[in-house]
Every structure is written in structure tokens, then in C-alpha cells.
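Asks: Before we start, here is the structure in question, set down as C-alpha cells.
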Amino acid sequence: MGARVILCLDMDAFFASVERSLRPELEGKPVVVGGHLEGRGVVSSASYEARAYGIHAAMPLAQARRLCPHAVFLPGRFELYHQASQQIRSFLEELSPWVEMASIDEAFVDLTGSERALGDPLQVARNLQERIRQELRLPCSIGLAGNKLVAKVACGRAKPAGLLQVPPGQEAAFLAPLPITVLPGIGPHTAARLAELRLTTCAELAAAPARLLERILGPHALALQRRARGEDRSPVTPCSQPVRSISRAVTFPHDSRDPAFLRATLCLLAEEAGYALRRKGLGCSCVAVQVRWANFSTQSRQQTLRHPTASDTTLLRVAGDLLDDLLDRNRQRVRLLGIQLSRLAPQGAQLPLLPSDRFGEQRALQLARCLDHIRSRYGSRSIQRGSVLNLRKRLGELEEGGGNAFRPP
């Protein structure tokens, strides 16, 4: 087998590009995808036209509006982005069984030894890029190299909508003039410490005395130095990662301390998370509730259950108790409210020991599944709990599968 050939594909401004593929009139305009249009959320994706104004991911929407008031602001539609990601993955799997989805918009493909079947890897990359542009109307950037590290850096240097190949044996020369911040594992803090030693490029880091780096950076110094030389043996791992948690959260247009409103919001979020849980045939053994207060501090509480559940009734009861505990401990208004279901297991993997618990849980789960069926057939508003009947008007329309995931400590 010849030299390794790794392709790194990264979609350009993915969420914003998906929105533009569905609304061609947005082409050429600054587009920002984020939370609520009221401006209390954060930016999820920004087109390159919007980035020219300094807008970037994770920036508060209010700040983005100040930087570019004429931009088109859109709420996220994550189900659409997931569907587009799945289509892209299917294109990649036609090229090789060795496909690793690093994220919803980034992937690695091992093309080693495929020349006889597919042809020149550079032409394969060109064809892939053109296919995504033609069939999905989405731009992407591609890097080709002998390992994942250099392919990823090449992909980043090719943005937007570019293609860059690093020939075998040229990895160190390619990285040499680039700033050390292009390497994974070097953040602002590490970069600042290296800058004190006048080490700002990959070439300077690669040539630095190993003992000096170990004294400054510790045991990871040699690994960083190998990366600066373009050395990387990590494989492309085509594994399907199991779902570890399901989260739903919402940032309010206005901070609230109204217990009824907060409970109704939590009820809606729990129902959405429970629906996603049942669709995957899973139950959860841990429920967590997160609150972000008006001063931007964040607190969370979690409770471990005796057995996995997918019942809305149980989820609401546990989440409600956790929310009450949080509100009792802090008198501030609430800016963000979220729920996370974790420690997931297939439904039915473990049954409760007491018959009364088992029958009650089964009846509650059967009711939840009946409600799922009604909503999937007649719409999410066709049947609702009384506490959430008027909630959507106050929150704005919540996109199914949306919200900002959180991870409690």
C-alpha cells in the first residue's frame, strides 16, 4: 500500500449556508443564524459576509446586531442541518468505508489505496466538492494530506470554498511558516507562553530544545512539537458514537422569576427531550436542570433515578423538584432554562423490582407514546398540557430539536 491519503472536508458557514440554499434571495447578504430573534441568544453560524463585520460563533446576538444591523437574522433549524449532514456523509461513504464525522459539518475520509478504483485523490476531492455544490447547493473546503492533522490545517487554509493538497513529504515545510495557533492543543494561553520564548511559528516550535519545552509546557510538550513537524499517526475512525445525552434549553427574551412560567417552560422542554428519547428507543437514569441567572452565572442540579425511564410524567416530576431547589437557593431572575437527560440505556434494559412501580411506569410510558403518535400525525400543538397552552406565544416558536445544549458540572 502506498502513502496515506487523508481528506478533510469542512462545510463553510454550515447553518447559514443551509438557510441560503433554501432561500436563494439571501445570496451575497450577511446572514446570521442564532437563537431567538429578540436577540437574547448567541450566534450559531455566520456567513462570510457577516464575518466581515466581526461577527463570529458564540457572540451574543445583541452584539451581532450592533455590528451589522442590516444582517438577516434567522432562528436555527437544527433538524434541517442534521439532514444535510447525513446527505454529505452518504456522499463520503460512497468514496470509502473509512469516514469519521468529527462534527455535524466536518469529516475525515481515508482514501489510502483507492487510486485504482477512484482515480487521482485530488480529482476525487474536486468531484466531491462540485457534487456538494451542485446537488445540495452548499459550499465546502477540502484539505488533502498524508495525515489528519495536516489535512485539517490545509482545509482551514483553503477556506472559503477552496481545495488545498499537501504533497507527501512536504508536511513540515507546509506548516513551517504558519502560526502555532493552527495546531490543535495550542490555545491562547499556551501561545502566549510560547511567544515569551519567541516561538510563534510551527518551524520555531519544531526546532526548539525539547528540554526547554518540557520545562515550560510539561509532558505534552513533545507531542506539540511532533505536531509542529507535521507528524500524526491518528487513524480515521469510522465508528458510530452512541448518544450520551439529550438536552433542550431556551434563552428568554426577558428575564423571569414567575414560577408558573418557568415550570411551564420546563414542562415543554422536558416533553421535547422525552420525545427525542423515545424516538431513539432509550431511557435515562439521570435528569439535570440548568439555570442561568440574570447576572450570567450558571447553576445546575441533577438527580439519579433508580432505573432508566422515558416517561414524561417522571421526567417532569424530577425536573420540577430540581427547579424548585434552584429557585429556593437564588432569588435572581432567570435568563436561561434547560434540561439534560443522561446515563442513557435501551428501554427495557432494566425493569423496576416493585410491581406497582413497574405498572405505573409502563402506563405513563404508554400514555407518552400515544401523545407522540397524535403529535406526529396532527402536529406538535394538537394536544398539549394545560400549563403550556399559551407558553409558545410568550417564548416564540421553539423549533423541534432546537435549543442550546448544556452540560452541567
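Chains: A, B, ... in order of the C-alpha cells. Residues: from 1 per chain. Ligands: from 1, in order shown.
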Give the strand (DSSP E or B) residues of segment 122-361 of chain A, as DSSP finds them on the backbone, and put them as a PyMOL selection string.
Replies: chain A and resi 140-145+163-165+179+201+245-256+282-293+298-309+334-346
Asks: Set the distance at 6 Å and use only C-alpha atoms: which residues neighbour segment 70-77 of chain A once local chain neighbours fewer than 2 positions away are removed? I'd like the list as number ranges by chain.
Replies: A: 30-36, 68, 79-80
Asks: Which neighbours of segment 332-336 of chain A fall inside 8 Å, counting only C-alpha atoms, when residues of the same chain fewer than 3 positions from it are skipped, and could you give them as JSON, numbers by chain?
Replies: {"A": [249, 250, 251, 252, 254, 255, 256, 257, 290, 291, 292, 293, 294, 296]}
Asks: Could you dump the residues just selected with N, CA, C and O atoms as a PDB file, in the first residue's frame?
Replies:
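Once everything was written out, this is selection09.pdb:
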ATOM      1  N   ALA A 249     -32.845  23.542  25.783  1.00  0.00           N
ATOM      2  CA  ALA A 249     -32.724  24.756  26.591  1.00  0.00           C
ATOM      3  C   ALA A 249     -33.289  25.927  25.817  1.00  0.00           C
ATOM      4  O   ALA A 249     -33.424  25.878  24.592  1.00  0.00           O
ATOM      5  N   VAL A 250     -33.635  26.985  26.534  1.00  0.00           N
ATOM      6  CA  VAL A 250     -34.163  28.181  25.893  1.00  0.00           C
ATOM      7  C   VAL A 250     -33.662  29.410  26.654  1.00  0.00           C
ATOM      8  O   VAL A 250     -33.574  29.400  27.885  1.00  0.00           O
ATOM      9  N   THR A 251     -33.282  30.428  25.890  1.00  0.00           N
ATOM     10  CA  THR A 251     -32.938  31.735  26.466  1.00  0.00           C
ATOM     11  C   THR A 251     -34.154  32.635  26.324  1.00  0.00           C
ATOM     12  O   THR A 251     -34.684  32.805  25.224  1.00  0.00           O
ATOM     13  N   PHE A 252     -34.601  33.221  27.420  1.00  0.00           N
ATOM     14  CA  PHE A 252     -35.828  34.011  27.406  1.00  0.00           C
ATOM     15  C   PHE A 252     -35.597  35.396  26.810  1.00  0.00           C
ATOM     16  O   PHE A 252     -34.525  35.990  27.003  1.00  0.00           O
ATOM     17  N   HIS A 254     -36.948  37.986  27.925  1.00  0.00           N
ATOM     18  CA  HIS A 254     -36.834  38.841  29.106  1.00  0.00           C
ATOM     19  C   HIS A 254     -36.661  37.938  30.329  1.00  0.00           C
ATOM     20  O   HIS A 254     -37.325  36.907  30.457  1.00  0.00           O
ATOM     21  N   ASP A 255     -35.761  38.344  31.237  1.00  0.00           N
ATOM     22  CA  ASP A 255     -35.544  37.561  32.453  1.00  0.00           C
ATOM     23  C   ASP A 255     -36.856  37.420  33.223  1.00  0.00           C
ATOM     24  O   ASP A 255     -37.676  38.343  33.250  1.00  0.00           O
ATOM     25  N   SER A 256     -37.034  36.257  33.857  1.00  0.00           N
ATOM     26  CA  SER A 256     -38.303  35.986  34.543  1.00  0.00           C
ATOM     27  C   SER A 256     -38.057  35.335  35.894  1.00  0.00           C
ATOM     28  O   SER A 256     -37.110  34.566  36.072  1.00  0.00           O
ATOM     29  N   ARG A 257     -38.973  35.645  36.818  1.00  0.00           N
ATOM     30  CA  ARG A 257     -38.981  34.994  38.126  1.00  0.00           C
ATOM     31  C   ARG A 257     -40.341  34.347  38.372  1.00  0.00           C
ATOM     32  O   ARG A 257     -40.609  33.842  39.458  1.00  0.00           O
ATOM     33  N   GLN A 290     -30.656  23.046  34.403  1.00  0.00           N
ATOM     34  CA  GLN A 290     -29.689  24.147  34.454  1.00  0.00           C
ATOM     35  C   GLN A 290     -30.426  25.477  34.402  1.00  0.00           C
ATOM     36  O   GLN A 290     -31.404  25.631  33.669  1.00  0.00           O
ATOM     37  N   VAL A 291     -29.922  26.444  35.173  1.00  0.00           N
ATOM     38  CA  VAL A 291     -30.461  27.803  35.185  1.00  0.00           C
ATOM     39  C   VAL A 291     -29.313  28.776  35.005  1.00  0.00           C
ATOM     40  O   VAL A 291     -28.274  28.655  35.671  1.00  0.00           O
ATOM     41  N   ARG A 292     -29.490  29.713  34.102  1.00  0.00           N
ATOM     42  CA  ARG A 292     -28.559  30.834  34.005  1.00  0.00           C
ATOM     43  C   ARG A 292     -29.285  32.063  34.508  1.00  0.00           C
ATOM     44  O   ARG A 292     -30.348  32.419  34.005  1.00  0.00           O
ATOM     45  N   TRP A 293     -28.694  32.699  35.521  1.00  0.00           N
ATOM     46  CA  TRP A 293     -29.356  33.810  36.180  1.00  0.00           C
ATOM     47  C   TRP A 293     -29.116  35.115  35.427  1.00  0.00           C
ATOM     48  O   TRP A 293     -28.333  35.171  34.469  1.00  0.00           O
ATOM     49  N   ALA A 294     -29.772  36.156  35.881  1.00  0.00           N
ATOM     50  CA  ALA A 294     -29.682  37.457  35.216  1.00  0.00           C
ATOM     51  C   ALA A 294     -28.269  38.011  35.214  1.00  0.00           C
ATOM     52  O   ALA A 294     -27.907  38.796  34.333  1.00  0.00           O
ATOM     53  N   PHE A 296     -25.669  36.281  34.637  1.00  0.00           N
ATOM     54  CA  PHE A 296     -24.929  35.393  33.750  1.00  0.00           C
ATOM     55  C   PHE A 296     -24.229  34.242  34.475  1.00  0.00           C
ATOM     56  O   PHE A 296     -23.544  33.451  33.841  1.00  0.00           O
TER      57      PHE A 296
END
Asks: Just the residues within 7 Å of Asp105 of chain A, please, counting only C-alpha atoms, with nothing from its chain fewer than 5 positions along; format it as a list in words.
Replies: Asp10, Met11, Phe14 and Ser85 of chain A
Asks: Pull N, CA, C and O atoms from the residues just selected and write them as a short mmCIF file (atom, residue, chain, number, x, y, z; two decimals), in the first residue's frame.
Replies:
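Saved to part-v8.cif:
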data_model
loop_
_atom_site.label_atom_id
_atom_site.label_comp_id
_atom_site.auth_asym_id
_atom_site.auth_seq_id
_atom_site.Cartn_x
_atom_site.Cartn_y
_atom_site.Cartn_z
N ASP A 10 -14.69 20.33 5.37
CA ASP A 10 -15.34 21.21 6.35
C ASP A 10 -16.33 22.10 5.60
O ASP A 10 -15.95 22.79 4.64
N MET A 11 -17.58 22.08 6.02
CA MET A 11 -18.59 22.90 5.38
C MET A 11 -18.41 24.36 5.79
O MET A 11 -18.11 24.66 6.95
N PHE A 14 -21.80 26.55 7.87
CA PHE A 14 -22.75 25.49 7.53
C PHE A 14 -24.21 25.87 7.71
O PHE A 14 -25.02 25.81 6.78
N SER A 85 -26.26 17.19 6.88
CA SER A 85 -25.05 16.49 7.31
C SER A 85 -25.12 15.01 6.94
O SER A 85 -24.12 14.42 6.51
#
Asks: Could you name the residues that touch segment 313-329 of chain A at 8 Å or less, counting only C-alpha atoms, but leaving out those on the same chain fewer than 2 positions away, as a count of residues only?
Replies: 20
Asks: Could you name the residues that touch Leu175 of chain A at 7 Å or less, counting only C-alpha atoms, but leaving out those on the same chain fewer than 6 positions away, as a PDB file with N, CA, C and O atoms, in the first residue's frame?
Replies:
ATOM      1  N   CYS A 202       5.294  27.414  13.504  1.00  0.00           N
ATOM      2  CA  CYS A 202       5.481  25.967  13.638  1.00  0.00           C
ATOM      3  C   CYS A 202       6.951  25.595  13.475  1.00  0.00           C
ATOM      4  O   CYS A 202       7.451  24.691  14.159  1.00  0.00           O
ATOM      5  N   ALA A 228       4.017  20.131  15.287  1.00  0.00           N
ATOM      6  CA  ALA A 228       4.623  21.241  14.547  1.00  0.00           C
ATOM      7  C   ALA A 228       5.449  20.741  13.375  1.00  0.00           C
ATOM      8  O   ALA A 228       5.667  21.476  12.404  1.00  0.00           O
ATOM      9  N   GLY A 230       4.446  18.232  11.615  1.00  0.00           N
ATOM     10  CA  GLY A 230       3.502  17.587  10.702  1.00  0.00           C
ATOM     11  C   GLY A 230       3.382  16.104  10.912  1.00  0.00           C
ATOM     12  O   GLY A 230       2.923  15.374  10.019  1.00  0.00           O
TER      13      GLY A 230
END
Asks: Taking only C-alpha atoms into account, which of A:Leu213, A:Leu111, A:Leu194, A:Leu61 comes nearest Ala3 of chain A?
Replies: A:Leu111
Asks: If you run DSSP on this backbone, which residues of segment 130-284 of chain A come out as helix (DSSP H, G or I), and could you give them as number ranges by chain?
Replies: A: 130-136, 148-158, 171-175, 180-182, 188-196, 202-207, 210-228, 259-279
Asks: What's the 12 Å shell around Lys152 of chain A, counting only C-alpha atoms, without same-chain residues fewer than 4 positions away, as a ChimeraX atom specification?
Replies: /A:6-10,102,106-109,141-148,156-159,163-166,171,175,182-184,230,232
Asks: With only C-alpha atoms as the atoms that count, which of A:Cys140, A:Leu149, A:Ala264, A:Leu344 lies nearest to Gly162 of chain A?
Replies: A:Cys140
Asks: Could you check which of A:Val5, A:Leu222, A:Ala154, A:Leu197 is closest to Val124 of chain A, using only C-alpha atoms?
Replies: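 Of A:Val5, A:Leu222, A:Ala154, A:Leu197, the one nearest Val124 of chain A, counting only C-alpha atoms, is A:Val5.
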Asks: Choose the residue, out of A:Gln170, A:Ser103, A:Thr201, A:Ser21, that has the smallest atom-to-atom separation from Glu135 of chain A; count only C-alpha atoms.
Replies: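 Ranked by minimum distance to Glu135 of chain A, first place goes to A:Ser21.
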Asks: Hey, can you check how far atom CA of Glu49 of chain A sits from atom CA of Lys29 of chain A?
Replies: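 Here the two named atoms are 6.4 Å from each other.
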